[in-house]
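Take a look at the structure set out below.
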Amino acid sequence: MGARRRLLWLALKMDFLTILTLGIYRFWMKTRLRRWYWSAIRPGGHPLEYLGDPFEKLLGFLIAVVILAFYVGIVNLLLVFASFSLFQSNTAAYVASFIGVIPLWFYASYRARRYVLGRTRWRGIRLGVDPGAWGYAGRALVHWAVTLISLGLLWPRMTFMLEKYRAERSWYGTARIEQGGSWTMLYRAALPVLPVLAMLAIAALCFFTGNIGTAIGIAVLAGAAGIYAAVHYNVVSWKMLMDHKSAAGLGLRANPSPLRVFGIYIVGYITTIIVVAIPAALLTLPLLALQTSSTGGSMELPFSASAISALPEAVLIALTALCYFALFLLWGALRHAFVTMPLLRHYAETLTITGADALKGISQRARDEFSEAEGFAEALDLGAAI
Amino acid sequence: MSTVIRVGTEPAAFVGEAAFFDGDKAVPQNATLTLDEEARELVIALAQSEHRWPLNKIREVPDQAGRDVMMLRLDGDPVQRLFLPNRTLAPRLPHRTRRAPVSRPGRIAAWAVAAVGAVAVIVLLLVPRLANQLADHIPPGGEHALGEVTLTQIRSALDQTGLQPVPFCTAAEGMAALDQLERRLTAGLDLPGPLSVHVLDHDMVNAFALPGGYIVLFRGLIDAAETPEEVAAVFAHEIGHVISRDPTRHALRSAGSIGVLGLIFGDFAGGALVLFLAERLIDATYARDAEEAADRFAHETLLAAALPPSAIGSFFERLLKENGEPEGIVAHFLSHPQMGDRIAAARDATPDNAVFRPALTDPEWNALRKICRQSARDVPSEPPKSGVGWR
């Protein structure tokens with residue numbers, strides 16, 4: 001519990017500085033929080049160490065901005081123009097813009113993983129990932145296409161193949177990680193999907209026979225069961241994939257409980273929402289009252305009115321912005337303390353390393369001079385978990 | 001952490017155990033730690049060898065979760081680590097918390113300049129230029145749709161309850177009066193398409209034009225006007241913007257720049273930023289020459305319709321005197337450095353001997369002023385406003 005309080009405090013401080021610096025501090029925040037998380041995981045009594053450099057992250061982000069700004073600015077403008085000209089709506093532009101970003105998204109996620117693992121050490125030995133982000137993006141696109149065409153039936157195949165691609169380019173020191181097992185084993189992880197499908201079928205049946213109320217009730221239940229099934233698949237497939245990884249005689253045994261993970265999500269997010277909602281209500285209600293009662297009290301006035309004459313409105317706006325950011329800050333910090341940390345702790349506690357004798361044969365690998373860090377992932381807002 | 005009590009001049013002798021990682025093998029080595037006070041070094045005795053770390057070059061790895069342990073590194077050595085099961089050594093390390101210097105600051109600075117430059121070039125140069133080009137080539141249907149989408153965004157952004165967009169005022173007689181005004185102003189004009197004129201049920205003293213011939217007047221503006229001529233003058237100014245397609249250029253420009261700004265500020269403020277920019281669309285500050293062109297257009301159009309251009313000047317001057325607080329379009333008009341010039345220009349454009357016809361008859365003007373009052377009754381699907389501040 002002491003650890004949770006310290007993490008909460010650390011996260012609050014970092015969030016505050018991030019807001020104060022208009023987002024620039026987020027590179028330091030990520031680095032420091034990761035250092036904390038990594039050091040909290042101590043396989044065999046020795047902590048992991050995270051050596052990511054906030055300046056590298058800043059640099060990578062700047063590089064990504066230079067490249068992406070062109071895409072986002074010019075290409076999106078052209079897309080909006082074409083979409084309105086041809087279809088009289090902006091839907092086509094959104095869809096095209098989204099599709100255009102998908103390969104970049106996979107590319108960025110591989111690079112982010114490469115950076116994070118490349119800056120992780122255990123027992124003084126570096127982990128590492130070989131380059132291969134475009135190869136990963138290409139494979140991910142193909143696997144997603146196949147999965148969609150197969151109506152999701154081949155989803156486990158995608159999970160396995162992509163993990164195999166990533167894992168077999170990963171190293172612990174001089175030991176390369178191998179991914180054993182086969183994609184068909186992951187179907188076991190997907191078993192809870194079956195009752196969900198059955199429930200949906202019953203709901204559909206009720207709907208078409210006129211029992212709308214029953215149909216809605218069953219559909220809601222199916223939705224909840226569906227969320228559990230998704231969590232179950234993620235946890236169990238992760239466990240299976242971990243169990244089948246090896247590196248020069250080292251092995252892993254993972255035993256996370258899907259129910260426990262589901263519970264952490266539910267309890268964690270409910271706690272977070274409640275803790276955020278109380279100050280939110282206390283802060284927002286008087287502000288709203290104040291805002292609506294002031295004559296001509298509309299949000300946009302202060303931006304257009306001259307600064308001298310609009311002082312009370314400017315104060316109002318500042319207060320509103322402050323509340324918004326305060327809640328944002330609280331949300332981020334609480335999520336770390338009540339969701340991310342318990343999750344990580346559960347995964348770490350239930351993970352064991354086998355064949356520790358093999359560690360004697362493993363030695364250092366060269367540093368990955370990959371200094372662009374996770375700039376693209378940062379610019380595209382992915383990997384927000386830690 | 002235990003307190004170190006020093007007796008006499010010599011600090012207490014230190015002996016401790018630790019795990020040493022040489023950064024080559026993945027195996028910890030048991031180390032016995034002692035202090036060489038003479039040389040001010042930490043002596044790390046291993047089974048076969050010995051390392052000596054100068055005390056002032058030892059750093060602690062920061063942000064560690066374990067408060068009862070210490071991970072030490074040697075400044076200048078990237079891989080060696082010393083993992084201590086307690087913190088008794090901490091007071092003896094003078095530069096324990098000193099940071100590593102920034103590596104390659106020049107490279108970061110260069111990319112920072114490049115990033116700022118690229119964004120500036122794109123947002124300030126490329127996007128506006130491209131938007132200007134595209135605005136001339138967008139087909140009328142597309143332009144109309146662009147205006148419609150933007151109007152919906154603005155109506156949602158203006159709404160403070162978060163429940164529904166700000167409603168339009170649609171009282172039939174008021175609409176007829178507005179049509180009358182529109183016909184009078186646009187007679188003989190070569191418009192690119194039909195105008196869509198709306199009144200928004202909102203307090204703000206404001207008016208704006210959107211792509212595809214949308215002109216939106218706020219109820220606050222009609223309430224604040226004392227004569228229909230004043231409304232007509234604002235109306236004519238907005239028609240000027242429609243004809244020069246300023247709103248289309250502006251909307252396309254923001255379509256390009258919103259994303260770029262969102263990219264830079266990340267998700268933490270992205271949502272707020274987009275909302276803010278949507279609101280900025282309302283008082284789109286066009287370039288000075290665009291405003292002057294719209295003014296000139298308004299003067300000509302008003303004169304051609306036998307209406308006095310000077311109405312806009314007196315309208316804004318009066319509002320300024322009455323409220324002391326310029327709002328909306330007034331502020332927009334007044335904030336312009338050449339505000340005096342523009343009011344004067346409106347006067348100058350009004351010949352002394354000109355003969356004007358009233359913009360609207362008294363009943364028509366009354367109907368226009370009540371355009372919002374009836375809408376709540378006419379459209380029962382909308383719940384009556386109970387919120388404070390909605391007059």
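How things are named: the first chain in the structure tokens is A, the next is B, and so on; residues count from 1 in each chain; ligands count from 1 in the order shown.
DSSP secondary structure from the backbone places Phe168, Ser196, Val197, His198, Val199, Leu200, Ala207, Phe208, Ala209, Leu210, Tyr214, Ile215, Val216, Leu217 and Phe218 of chain B of segment 96-335 of chain B in strand (DSSP E or B).
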Using only C-alpha atoms, please write the residues we just selected to a file, as a compact mmCIF listing (two decimals), in the first residue's frame.
```
# COMPACT_ATOMS: atom_id res chain seq x y z
CA PHE B 168 -32.23 28.14 -34.73
CA SER B 196 -28.74 30.12 -46.20
CA VAL B 197 -29.50 32.70 -43.53
CA HIS B 198 -30.08 31.57 -39.95
CA VAL B 199 -30.61 33.18 -36.59
CA LEU B 200 -29.06 31.35 -33.64
CA ALA B 207 -22.61 37.23 -36.78
CA PHE B 208 -20.52 35.10 -39.09
CA ALA B 209 -20.40 33.61 -42.55
CA LEU B 210 -19.59 29.98 -43.36
CA TYR B 214 -24.27 30.25 -44.79
CA ILE B 215 -24.82 33.48 -42.89
CA VAL B 216 -25.58 33.22 -39.19
CA LEU B 217 -26.84 36.10 -37.07
CA PHE B 218 -27.06 35.73 -33.30
```
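Here atom CA of Ala93 of chain A is placed at a distance of 5.2 Å from atom CA of Val80 of chain A.
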Practice task
Just the residues within 12 Å of segment 113-117 of chain A, please, counting only C-alpha atoms, with nothing from its chain fewer than 3 positions along; format it as a PyMOL selection string.
Solution key: chain A and resi 30-31+34-35+38+48-54+56-57+60+106-110+120-122+125-133+136+163+166-167+169-173+367-377+382-383+386
Exercise for the section: Please provide as a VMD selection string all residues within 12 Å of Pro54 of chain B, with the sequence filter that same-chain residues fewer than 4 positions apart are discarded (counting only C-alpha atoms). Expected result: chain B and resid 35 to 44 58 to 59 73 to 76 92 to 96
Arg357 of chain B environment, 10 Å, only C-alpha atoms, sequence neighbours closer than 5 positions dropped, as a tab-separated table (two decimals) with C-alpha atoms, in the first residue's frame:
```
chain	number	residue	atom	x	y	z
B	229	GLU	CA	-30.43	49.33	-40.86
B	305	ALA	CA	-30.10	49.04	-51.75
B	306	ALA	CA	-30.71	52.61	-50.54
B	307	LEU	CA	-29.45	51.81	-47.05
B	308	PRO	CA	-26.96	53.86	-45.03
```
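Nearest residue to chain B among A:Phe16, A:Phe84, A:Trp134, A:Tyr347 is A:Phe84, counting only C-alpha atoms.
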